[in-house]
Structure formats: structure tokens, C-alpha cells
file final-v5.cif (mmCIF, C-alpha atoms)
data_my_file
#
loop_
_atom_site.label_atom_id
_atom_site.label_comp_id
_atom_site.auth_asym_id
_atom_site.auth_seq_id
_atom_site.Cartn_x
_atom_site.Cartn_y
_atom_site.Cartn_z
CA MET Z 43 -52.31 -20.71 30.34
CA ILE Z 44 -55.31 -22.80 29.22
CA ARG Z 45 -53.36 -25.97 29.91
CA LYS Z 46 -52.52 -24.81 33.46
CA LYS Z 47 -56.18 -24.00 34.11
CA THR Z 48 -57.21 -27.42 32.86
CA ILE Z 49 -54.71 -29.11 35.16
CA LEU Z 50 -55.93 -27.05 38.12
CA ILE Z 51 -59.54 -27.95 37.38
CA ILE Z 52 -58.68 -31.64 37.16
CA LEU Z 53 -56.79 -31.49 40.48
CA LEU Z 54 -59.70 -29.68 42.11
CA VAL Z 55 -62.18 -32.30 40.88
CA LEU Z 56 -59.96 -35.13 42.12
CA ASN Z 57 -59.60 -33.43 45.48
CA ILE Z 58 -63.36 -33.00 45.82
CA PHE Z 59 -63.87 -36.63 44.78
CA SER Z 60 -61.35 -37.89 47.34
CA TRP Z 61 -62.91 -35.91 50.17
CA SER Z 62 -66.38 -37.04 49.15
CA ILE Z 63 -65.20 -40.64 49.64
CA VAL Z 64 -63.77 -39.76 53.04
CA TRP Z 65 -67.05 -38.07 54.00
CA GLU Z 66 -69.14 -41.06 52.94
CA LEU Z 67 -66.90 -43.49 54.82
CA SER Z 68 -67.04 -41.37 57.96
CA LYS Z 69 -70.84 -41.62 57.94
CA ASP Z 70 -70.85 -45.43 57.83
CA ASN Z 71 -71.69 -46.55 61.36
CA ASN Z 72 -72.28 -50.17 60.42
CA LEU Z 73 -70.03 -52.88 61.79
CA LYS Z 74 -68.72 -55.43 59.28
CA VAL Z 75 -66.88 -58.63 60.19
CA CYS Z 76 -65.28 -60.47 57.26
CA PHE Z 77 -63.72 -63.91 57.59
CA LEU Z 78 -61.17 -63.77 54.80
CA ASP Z 79 -60.47 -66.59 52.39
CA VAL Z 80 -56.70 -66.79 52.80
CA GLY Z 81 -56.30 -70.56 52.57
CA MET Z 82 -55.48 -72.84 55.49
CA GLY Z 83 -55.40 -70.25 58.24
CA ASP Z 84 -57.26 -67.46 60.02
CA SER Z 85 -57.59 -63.82 59.09
CA ILE Z 86 -60.58 -61.71 60.06
CA PHE Z 87 -61.07 -58.12 58.91
CA ILE Z 88 -63.35 -55.85 60.92
CA GLN Z 89 -64.58 -52.54 59.54
CA ALA Z 90 -65.68 -50.61 62.61
CA PRO Z 91 -67.68 -47.38 62.67
CA PHE Z 92 -65.99 -44.18 61.55
CA ASN Z 93 -63.59 -45.99 59.22
CA GLN Z 94 -61.60 -47.90 61.81
CA GLN Z 95 -59.97 -51.13 60.67
CA ILE Z 96 -59.08 -54.13 62.82
CA LEU Z 97 -57.37 -57.32 61.71
CA ILE Z 98 -57.47 -60.52 63.77
CA ASP Z 99 -54.69 -62.86 62.60
CA GLY Z 100 -52.76 -62.54 59.35
CA GLY Z 101 -53.17 -65.93 57.71
CA PRO Z 102 -50.55 -68.37 56.37
CA ASN Z 103 -49.39 -66.25 53.40
CA ASN Z 104 -49.54 -62.72 51.99
CA LYS Z 105 -53.06 -63.02 50.55
CA VAL Z 106 -54.25 -60.81 53.38
CA VAL Z 107 -52.51 -57.82 51.74
CA ASP Z 108 -54.63 -58.22 48.60
CA LYS Z 109 -57.72 -58.53 50.78
CA LEU Z 110 -56.89 -55.28 52.58
CA GLU Z 111 -56.41 -53.47 49.28
CA GLN Z 112 -59.88 -54.63 48.23
CA ARG Z 113 -61.55 -53.53 51.45
CA MET Z 114 -59.73 -50.35 52.44
CA PRO Z 115 -59.65 -47.03 50.53
CA PHE Z 116 -56.44 -46.55 48.56
CA PHE Z 117 -55.54 -43.48 50.62
CA ASP Z 118 -56.02 -45.19 53.99
CA ARG Z 119 -52.69 -46.70 55.08
CA LYS Z 120 -53.48 -47.05 58.76
CA ILE Z 121 -54.86 -50.03 60.69
CA GLU Z 122 -56.09 -49.14 64.14
CA LEU Z 123 -55.60 -52.57 65.72
CA ILE Z 124 -54.11 -55.95 64.85
CA ILE Z 125 -54.72 -58.96 67.07
CA LEU Z 126 -52.61 -62.11 66.96
CA SER Z 127 -54.43 -65.02 68.57
CA HIS Z 128 -51.20 -67.03 68.88
CA PRO Z 129 -47.90 -67.17 66.95
CA ASP Z 130 -48.45 -70.20 64.71
CA LYS Z 131 -47.58 -69.62 61.05
CA ASP Z 132 -51.15 -70.01 59.78
CA HIS Z 133 -52.21 -67.08 61.97
CA LEU Z 134 -49.05 -64.99 61.91
CA PHE Z 135 -47.29 -65.03 58.54
CA GLY Z 136 -49.27 -62.33 56.72
CA PHE Z 137 -48.82 -59.82 59.53
CA LEU Z 138 -45.16 -59.26 58.64
CA GLU Z 139 -46.10 -57.86 55.23
CA VAL Z 140 -49.02 -55.92 56.71
CA LEU Z 141 -46.63 -54.22 59.13
CA LYS Z 142 -44.40 -53.21 56.22
CA ARG Z 143 -47.22 -51.68 54.18
CA TYR Z 144 -49.47 -50.13 56.81
CA LYS Z 145 -49.09 -47.99 59.89
CA VAL Z 146 -50.41 -50.02 62.82
CA ALA Z 147 -51.54 -48.10 65.89
CA ASN Z 148 -52.21 -50.93 68.36
CA VAL Z 149 -51.22 -54.60 68.72
CA LEU Z 150 -52.89 -57.15 70.99
CA TRP Z 151 -51.28 -60.57 71.47
CA ASN Z 152 -50.35 -63.09 74.16
CA GLY Z 153 -46.70 -62.03 74.34
CA ILE Z 154 -45.28 -65.55 74.76
CA LYS Z 155 -41.57 -66.19 74.29
CA PRO Z 156 -40.76 -66.58 70.57
CA THR Z 157 -39.74 -70.13 69.65
CA THR Z 158 -39.42 -69.71 65.87
CA GLU Z 159 -37.68 -67.25 63.59
CA LEU Z 160 -41.10 -66.13 62.34
CA SER Z 161 -42.42 -65.31 65.82
CA GLN Z 162 -39.18 -63.51 66.69
CA ASP Z 163 -39.50 -61.45 63.50
CA PHE Z 164 -43.06 -60.51 64.52
CA LYS Z 165 -41.98 -59.43 68.00
CA GLU Z 166 -39.20 -57.28 66.57
CA ALA Z 167 -41.51 -55.81 63.90
CA ILE Z 168 -44.18 -54.63 66.34
CA GLU Z 169 -41.55 -53.13 68.64
CA LYS Z 170 -40.02 -51.30 65.69
CA GLU Z 171 -43.46 -50.15 64.56
CA GLY Z 172 -43.90 -48.09 67.71
CA ALA Z 173 -47.46 -49.30 68.17
CA LYS Z 174 -49.09 -49.52 71.58
CA ILE Z 175 -48.70 -53.16 72.58
CA TRP Z 176 -51.41 -54.82 74.66
CA ILE Z 177 -50.67 -58.16 76.36
CA ALA Z 178 -53.83 -60.23 76.56
CA GLU Z 179 -55.17 -61.34 79.91
CA GLN Z 180 -58.64 -61.95 81.26
CA GLY Z 181 -60.64 -58.79 81.87
CA LEU Z 182 -58.71 -56.55 79.48
CA LYS Z 183 -61.08 -54.41 77.44
CA VAL Z 184 -60.15 -52.61 74.24
CA LYS Z 185 -62.65 -49.94 73.28
CA ILE Z 186 -63.58 -49.45 69.63
CA SER Z 187 -66.43 -46.95 70.06
CA ASP Z 188 -69.11 -46.07 72.61
CA GLU Z 189 -71.07 -49.10 71.41
CA GLN Z 190 -68.32 -51.64 70.68
CA TYR Z 191 -65.39 -53.15 72.52
CA PHE Z 192 -63.31 -56.32 72.79
CA GLU Z 193 -63.06 -58.18 76.08
CA VAL Z 194 -60.33 -60.77 76.63
CA LEU Z 195 -61.64 -63.96 78.25
CA TYR Z 196 -58.44 -65.99 78.05
CA PRO Z 197 -55.54 -66.31 78.97
CA PHE Z 198 -56.56 -65.79 82.59
CA GLU Z 199 -53.25 -64.07 83.33
CA SER Z 200 -50.43 -62.53 81.35
CA LEU Z 201 -48.21 -64.99 79.48
CA GLU Z 202 -45.69 -62.34 78.50
CA GLY Z 203 -42.21 -63.79 78.10
CA ARG Z 204 -43.24 -67.30 79.11
CA GLU Z 205 -42.27 -70.49 77.33
CA VAL Z 206 -45.36 -72.34 76.10
CA THR Z 207 -45.40 -75.94 74.87
CA ASN Z 208 -48.96 -75.93 73.49
CA LYS Z 209 -49.37 -72.70 71.55
CA ASN Z 210 -52.96 -73.55 70.61
CA ASN Z 211 -53.91 -73.32 74.28
CA SER Z 212 -52.20 -69.95 74.59
CA SER Z 213 -54.70 -68.57 72.04
CA VAL Z 214 -56.31 -65.27 72.89
CA VAL Z 215 -60.03 -65.89 73.31
CA LEU Z 216 -61.97 -62.68 73.07
CA MET Z 217 -65.51 -61.45 72.79
CA LEU Z 218 -66.53 -58.60 70.52
CA LYS Z 219 -69.47 -56.88 72.17
CA SER Z 220 -71.52 -54.59 69.98
CA SER Z 221 -74.83 -53.04 71.02
CA GLY Z 222 -76.05 -56.15 72.78
CA ASN Z 223 -74.72 -58.57 70.14
CA ARG Z 224 -71.59 -60.66 70.42
CA VAL Z 225 -68.99 -62.44 68.33
CA LEU Z 226 -66.70 -64.96 70.04
CA PHE Z 227 -63.20 -65.45 68.61
CA THR Z 228 -61.41 -68.58 69.82
CA GLY Z 229 -58.16 -68.84 67.86
CA ASP Z 230 -57.08 -72.49 68.05
CA ALA Z 231 -58.10 -73.03 71.68
CA GLU Z 232 -58.77 -76.67 72.54
CA LYS Z 233 -61.43 -78.38 74.66
CA SER Z 234 -59.39 -78.01 77.84
CA VAL Z 235 -59.55 -74.22 77.48
CA GLU Z 236 -63.26 -74.42 76.69
CA GLN Z 237 -63.82 -76.33 79.94
CA LEU Z 238 -61.82 -73.76 81.92
CA LEU Z 239 -63.95 -70.95 80.49
CA ILE Z 240 -67.14 -72.81 81.38
CA LYS Z 241 -65.93 -73.53 84.93
CA LYS Z 242 -65.10 -69.85 85.43
CA GLY Z 243 -68.79 -69.15 84.94
CA TYR Z 244 -68.33 -66.53 82.24
CA ASP Z 245 -71.29 -65.50 80.14
CA LEU Z 246 -70.11 -67.03 76.86
CA LYS Z 247 -73.31 -66.49 74.88
CA ALA Z 248 -72.65 -65.11 71.41
CA GLN Z 249 -74.63 -64.86 68.20
CA VAL Z 250 -71.53 -65.68 66.11
CA LEU Z 251 -68.80 -68.20 66.95
CA LYS Z 252 -65.48 -68.40 65.13
CA VAL Z 253 -65.10 -72.16 65.35
CA SER Z 254 -61.80 -73.07 66.97
CA HIS Z 255 -58.81 -74.53 65.12
CA HIS Z 256 -60.42 -74.58 61.66
CA GLY Z 257 -63.03 -77.08 62.82
CA SER Z 258 -60.56 -79.58 64.27
CA LYS Z 259 -61.88 -82.23 66.65
CA THR Z 260 -59.61 -80.73 69.33
CA GLY Z 261 -62.24 -78.06 70.03
CA THR Z 262 -65.95 -77.16 69.82
CA SER Z 263 -67.27 -79.57 72.42
CA LEU Z 264 -70.99 -80.00 73.02
CA ASP Z 265 -70.60 -78.41 76.47
CA PHE Z 266 -69.00 -75.35 74.92
CA LEU Z 267 -71.73 -75.00 72.29
CA GLU Z 268 -74.33 -75.29 75.05
CA ALA Z 269 -72.63 -72.38 76.83
CA VAL Z 270 -72.19 -70.19 73.74
CA GLN Z 271 -75.50 -70.96 71.98
CA PRO Z 272 -74.46 -69.38 68.67
CA SER Z 273 -76.79 -69.10 65.70
CA ILE Z 274 -73.87 -68.79 63.24
CA GLY Z 275 -70.61 -70.74 63.25
CA ILE Z 276 -67.72 -69.75 60.97
CA ILE Z 277 -65.04 -72.26 59.95
CA CYS Z 278 -61.88 -70.89 58.33
CA ALA Z 279 -60.14 -73.62 56.33
CA SER Z 280 -59.03 -74.34 52.79
CA ALA Z 281 -60.73 -76.92 50.59
CA GLU Z 282 -59.17 -80.40 50.54
CA ASN Z 283 -56.61 -79.54 53.22
CA ARG Z 284 -54.27 -82.31 54.37
CA TYR Z 285 -55.66 -82.23 57.91
CA GLY Z 286 -59.19 -83.15 56.91
CA PHE Z 287 -60.66 -80.04 58.56
CA PRO Z 288 -63.38 -79.57 59.50
CA ALA Z 289 -63.68 -82.82 61.43
CA LYS Z 290 -66.87 -84.88 61.10
CA GLN Z 291 -67.36 -84.79 64.87
CA THR Z 292 -67.17 -80.99 64.95
CA LEU Z 293 -69.73 -80.69 62.16
CA ALA Z 294 -71.96 -83.18 63.99
CA ASN Z 295 -71.72 -81.14 67.19
CA LEU Z 296 -72.64 -77.95 65.35
CA ALA Z 297 -75.52 -79.70 63.59
CA GLU Z 298 -76.87 -81.04 66.90
CA TYR Z 299 -77.44 -77.45 68.03
CA GLY Z 300 -78.90 -76.35 64.69
CA ILE Z 301 -76.11 -73.84 64.09
CA ASN Z 302 -75.85 -72.26 60.64
CA VAL Z 303 -72.33 -73.26 59.60
CA LEU Z 304 -70.46 -71.19 57.02
CA GLN Z 305 -67.10 -72.42 55.70
CA THR Z 306 -64.60 -70.44 53.68
CA SER Z 307 -63.62 -73.76 52.08
CA ASN Z 308 -67.14 -74.13 50.67
CA PHE Z 309 -67.42 -70.64 49.25
CA GLU Z 310 -63.71 -70.08 48.51
CA LYS Z 311 -64.62 -66.44 49.10
CA ASP Z 312 -64.78 -64.11 52.06
CA ILE Z 313 -67.70 -64.51 54.45
CA CYS Z 314 -68.95 -61.13 55.61
CA LEU Z 315 -71.43 -60.29 58.33
CA ILE Z 316 -72.90 -56.85 58.94
CA GLN Z 317 -74.61 -55.28 61.92
CA LYS Z 318 -76.92 -52.36 61.13
CA LYS Z 319 -78.55 -49.99 63.61
CA ASN Z 320 -77.78 -52.08 66.69
CA GLY Z 321 -79.49 -55.11 65.14
CA PRO Z 322 -78.25 -58.69 64.88
CA PHE Z 323 -75.40 -59.75 62.62
CA LEU Z 324 -76.65 -60.66 59.15
CA LEU Z 325 -74.89 -62.39 56.28
CA LEU Z 326 -73.85 -59.61 53.90
CA ASN Z 327 -72.33 -61.67 51.11
CA GLN Z 328 -69.48 -63.98 50.29
CA THR Z 329 -67.72 -61.64 47.91
CA PRO Z 330 -65.38 -58.67 48.32
#
call {"tool": "encode", "arguments": {"input": "final-v5.cif", "output": "C-alpha cells"}}
result
Amino acid sequence: MIRKKTILIILLVLNIFSWSIVWELSKDNNLKVCFLDVGMGDSIFIQAPFNQQILIDGGPNNKVVDKLEQRMPFFDRKIELIILSHPDKDHLFGFLEVLKRYKVANVLWNGIKPTTELSQDFKEAIEKEGAKIWIAEQGLKVKISDEQYFEVLYPFESLEGREVTNKNNSSVVLMLKSSGNRVLFTGDAEKSVEQLLIKKGYDLKAQVLKVSHHGSKTGTSLDFLEAVQPSIGIICASAENRYGFPAKQTLANLAEYGINVLQTSNFEKDICLIQKKNGPFLLLNQTP
């Protein structure tokens, strides 16, 4: 009898402890954006208010799964939204394991015709998942809360089912708008896409810019930086990568505008920004 009472007490304490964690998480209205150190690829984890999780790109390997385990409560097996900028391996690979381990409610991607086994596997996985699938096109807005939402700036029209020769230029370019502050995500979009966005006359201003294509010289033109006017630029790339990213010209362009450049390859850790009480995005840390 004593043993049963002890077990019941322990279970009660654990239950109270678990719900106390849930309660504390539900009160956290801060927005966190973490550029994950997953090697030579992109993966960005967003912790939105009221314990909503969003993942932009899955990286080139399964490191993203370890990152999620570090950043999400052990009992939370749901991701509200995953966004695939474009189906290149260094942005896509980790999503397949994420889809196996977590329940995903929504998927946003460009919907182009799969040209590799990996991209076909992704298409089949999200259809099997039963998630709501959003096909990116200019003007689409995905609401996160009353204060935050994503707006798709590019592609200008749906690419669903189309064959694409340059996947970089099919990248979903989207703006995260949060209480007057903005983060611009560019995937691997090249200068030609940047020029199209400028010519369209969009308001591209953003406090934070995810520098395109890991800092390659194919993107981040001076004209584009003039239009965006970011104070922080994030480059996602591994140290000593075979491509030589980030390119010297890209770094020079960023330096010309006095942009604070943060590189995952320098820190070899996650780069996290936080927005508190409708204020600007601030550097939280470079650790989990």
C-alpha cells in the first residue's frame, strides 16, 4: 500500500511539473529566430508566440533533428509550419526525417516538378502527412498570430507542377512581418530575382536579411542591399566549404552598407535573434 501511494505521489508531481512547463511556454510571447548550424545548407527555426514552431528549410543532413530536440519540449511532437525555399539537397534533406518524427500541420513550398529522387520523396511525404499544403506565389500571406505573418514576395505566380531549370531562381522569397519589424528570407535567389523584386516596387526594407545562397557572388547585389537596408545580415555556410562561400564580393557589398554580418561558419553554433515586446530583433546568443 505504501509503495502504491509513493508511486501515485511521484506521478502526481511529474504531472504537475509537466503542466508547469506547458504553462510557462504558453506565456512566452517573444519571437525567436534561430539560424541553425547544420553545415553547408540552410535551416532556420522560429519559435513563435504561444509555443508555435516553424522551420524554414531542413539542411543538408539530419542535424536538424538534434537541433529540434534541443529547442522543443520533449512532449511537443508537432511543428505548425515547414517552409521549403526550393528542393535542393542542402535545403531539403533534413525535412524527410523531420516528417517521420514530427506531426507537421502546414507546408509551404514552390511546388515545382520533382527532378530528383529526393524531391520526389519529399512531395510524397508531405502528401502522406496530410498537412495543409500551400503553394507559394506573390501576395500569399500565412498568419502566425495577430502580430506576425509571412508574406510571399516571389515567385510572382504559382510554379506548381512546372519544370524548372534554375532551381535557385525558383526560391521562395518571403518576408516575416512582426510588430513593425521584418526579416527577409531569400533562399538561394540570384541577382536576376533581386532585380525583378526591385522593379516591382515592393517595400523590401527589413531589419534582418538572410543572405542569399550562403553568401555566393550570385546574389546580394548593391542595388538589393540599398532596397532592403538591413542592419543585420545572416550567412549560413560551413567553415572551409569547397565553394569558398561567402564570396569576397558579397562580404564587400555588405561592408559597404555597414551591415552587421553574422556567419554560422564563424561561430559554428546557432545564431539566435529575439524580439521582445514589439521591439527590434536583438542577438540572443550563439548557443542552444
call {"tool": "atom_distance", "arguments": {"input": "final-v5.cif", "atom1": "CA of Gly100 in chain Z", "atom2": "CA of Trp151 in chain Z"}}
result
12.4 Å
call {"tool": "closest_residue", "arguments": {"input": "final-v5.cif", "among": "Z:Gly83, Z:Ser280, Z:Glu199, Z:Lys311", "to": "Lys109 in chain Z", "atoms": "all atoms listed in the file"}}
result
Z:Lys311
call {"tool": "resolve_selection", "arguments": {"input": "final-v5.cif", "expression": "the PyMOL selection byres ((chain Z and resi 171) around 9)", "output": "list in words"}}
result
Leu141, Lys142, Lys145, Val146, Ala147, Glu166, Ala167, Ile168, Glu169, Lys170, Gly172 and Ala173 of chain Z
call {"tool": "residues_around", "arguments": {"input": "final-v5.cif", "residues": "Arg224 in chain Z", "least_positions_apart": "3", "cutoff": "6 Å", "atoms": "all atoms listed in the file", "output": "PyMOL selection string"}}
result
chain Z and resi 218-219+248-249
call {"tool": "residues_around", "arguments": {"input": "final-v5.cif", "residues": "Ile124 in chain Z", "least_positions_apart": "3", "cutoff": "8 Å", "atoms": "all atoms listed in the file", "output": "ChimeraX atom specification"}}
result
/Z:96-99,121,146,148-150
call {"tool": "resolve_selection", "arguments": {"input": "final-v5.cif", "expression": "the PyMOL selection byres ((chain Z and resi 182-186) around 12)", "output": "PDB file with C-alpha atoms, in the coordinates of the input"}}
result
ATOM      1  CA  ASN Z  71     -71.690 -46.550  61.360  1.00  0.00           C
ATOM      2  CA  LEU Z  73     -70.030 -52.880  61.790  1.00  0.00           C
ATOM      3  CA  ILE Z  88     -63.350 -55.850  60.920  1.00  0.00           C
ATOM      4  CA  GLN Z  89     -64.580 -52.540  59.540  1.00  0.00           C
ATOM      5  CA  ALA Z  90     -65.680 -50.610  62.610  1.00  0.00           C
ATOM      6  CA  PRO Z  91     -67.680 -47.380  62.670  1.00  0.00           C
ATOM      7  CA  PHE Z  92     -65.990 -44.180  61.550  1.00  0.00           C
ATOM      8  CA  ASN Z  93     -63.590 -45.990  59.220  1.00  0.00           C
ATOM      9  CA  GLN Z  94     -61.600 -47.900  61.810  1.00  0.00           C
ATOM     10  CA  GLN Z  95     -59.970 -51.130  60.670  1.00  0.00           C
ATOM     11  CA  ILE Z  96     -59.080 -54.130  62.820  1.00  0.00           C
ATOM     12  CA  GLU Z 122     -56.090 -49.140  64.140  1.00  0.00           C
ATOM     13  CA  LEU Z 123     -55.600 -52.570  65.720  1.00  0.00           C
ATOM     14  CA  ILE Z 124     -54.110 -55.950  64.850  1.00  0.00           C
ATOM     15  CA  ILE Z 125     -54.720 -58.960  67.070  1.00  0.00           C
ATOM     16  CA  ASN Z 148     -52.210 -50.930  68.360  1.00  0.00           C
ATOM     17  CA  VAL Z 149     -51.220 -54.600  68.720  1.00  0.00           C
ATOM     18  CA  LEU Z 150     -52.890 -57.150  70.990  1.00  0.00           C
ATOM     19  CA  TRP Z 151     -51.280 -60.570  71.470  1.00  0.00           C
ATOM     20  CA  ASN Z 152     -50.350 -63.090  74.160  1.00  0.00           C
ATOM     21  CA  LYS Z 174     -49.090 -49.520  71.580  1.00  0.00           C
ATOM     22  CA  ILE Z 175     -48.700 -53.160  72.580  1.00  0.00           C
ATOM     23  CA  TRP Z 176     -51.410 -54.820  74.660  1.00  0.00           C
ATOM     24  CA  ILE Z 177     -50.670 -58.160  76.360  1.00  0.00           C
ATOM     25  CA  ALA Z 178     -53.830 -60.230  76.560  1.00  0.00           C
ATOM     26  CA  GLU Z 179     -55.170 -61.340  79.910  1.00  0.00           C
ATOM     27  CA  GLN Z 180     -58.640 -61.950  81.260  1.00  0.00           C
ATOM     28  CA  GLY Z 181     -60.640 -58.790  81.870  1.00  0.00           C
ATOM     29  CA  SER Z 187     -66.430 -46.950  70.060  1.00  0.00           C
ATOM     30  CA  ASP Z 188     -69.110 -46.070  72.610  1.00  0.00           C
ATOM     31  CA  GLU Z 189     -71.070 -49.100  71.410  1.00  0.00           C
ATOM     32  CA  GLN Z 190     -68.320 -51.640  70.680  1.00  0.00           C
ATOM     33  CA  TYR Z 191     -65.390 -53.150  72.520  1.00  0.00           C
ATOM     34  CA  PHE Z 192     -63.310 -56.320  72.790  1.00  0.00           C
ATOM     35  CA  GLU Z 193     -63.060 -58.180  76.080  1.00  0.00           C
ATOM     36  CA  VAL Z 194     -60.330 -60.770  76.630  1.00  0.00           C
ATOM     37  CA  LEU Z 195     -61.640 -63.960  78.250  1.00  0.00           C
ATOM     38  CA  TYR Z 196     -58.440 -65.990  78.050  1.00  0.00           C
ATOM     39  CA  PRO Z 197     -55.540 -66.310  78.970  1.00  0.00           C
ATOM     40  CA  PHE Z 198     -56.560 -65.790  82.590  1.00  0.00           C
ATOM     41  CA  GLU Z 199     -53.250 -64.070  83.330  1.00  0.00           C
ATOM     42  CA  SER Z 200     -50.430 -62.530  81.350  1.00  0.00           C
ATOM     43  CA  VAL Z 214     -56.310 -65.270  72.890  1.00  0.00           C
ATOM     44  CA  VAL Z 215     -60.030 -65.890  73.310  1.00  0.00           C
ATOM     45  CA  LEU Z 216     -61.970 -62.680  73.070  1.00  0.00           C
ATOM     46  CA  MET Z 217     -65.510 -61.450  72.790  1.00  0.00           C
ATOM     47  CA  LEU Z 218     -66.530 -58.600  70.520  1.00  0.00           C
ATOM     48  CA  LYS Z 219     -69.470 -56.880  72.170  1.00  0.00           C
ATOM     49  CA  SER Z 220     -71.520 -54.590  69.980  1.00  0.00           C
ATOM     50  CA  SER Z 221     -74.830 -53.040  71.020  1.00  0.00           C
TER      51      SER Z 221
END
call {"tool": "resolve_selection", "arguments": {"input": "final-v5.cif", "expression": "the PyMOL selection byres ((chain Z and resi 300) around 12)", "output": "list in words"}}
result
Leu267, Glu268, Gln271, Pro272, Ser273, Ile274, Gly275, Leu293, Ala294, Asn295, Leu296, Ala297, Glu298, Tyr299, Ile301, Asn302 and Val303 of chain Z
call {"tool": "closest_residue", "arguments": {"input": "final-v5.cif", "among": "Z:Lys252, Z:Phe164, Z:Ser258, Z:Asn320", "to": "Phe77 in chain Z", "atoms": "all atoms listed in the file"}}
result
Z:Lys252
call {"tool": "closest_residue", "arguments": {"input": "final-v5.cif", "among": "Z:Phe323, Z:His128, Z:Phe287, Z:Asp163", "to": "Val75 in chain Z", "atoms": "all atoms listed in the file"}}
result
Z:Phe323
call {"tool": "residues_near_point", "arguments": {"input": "final-v5.cif", "point": "(-78.4, -52.8, 60.4)", "cutoff": "12 Å", "atoms": "only C-alpha atoms", "output": "ChimeraX atom specification"}}
result
/Z:70-74,220-221,223,315-326
call {"tool": "closest_residue", "arguments": {"input": "final-v5.cif", "among": "Z:Val206, Z:Leu226, Z:Val106, Z:Gly257", "to": "Tyr285 in chain Z", "atoms": "only C-alpha atoms"}}
result
Z:Gly257
call {"tool": "atom_distance", "arguments": {"input": "final-v5.cif", "atom1": "CA of Thr158 in chain Z", "atom2": "CA of Thr207 in chain Z"}}
result
12.5 Å
call {"tool": "atom_distance", "arguments": {"input": "final-v5.cif", "atom1": "CA of Lys155 in chain Z", "atom2": "CA of Met82 in chain Z"}}
result
24.3 Å
call {"tool": "closest_residue", "arguments": {"input": "final-v5.cif", "among": "Z:Arg119, Z:Tyr244, Z:Phe135, Z:Ile154", "to": "Asn208 in chain Z", "atoms": "all atoms listed in the file"}}
result
Z:Ile154
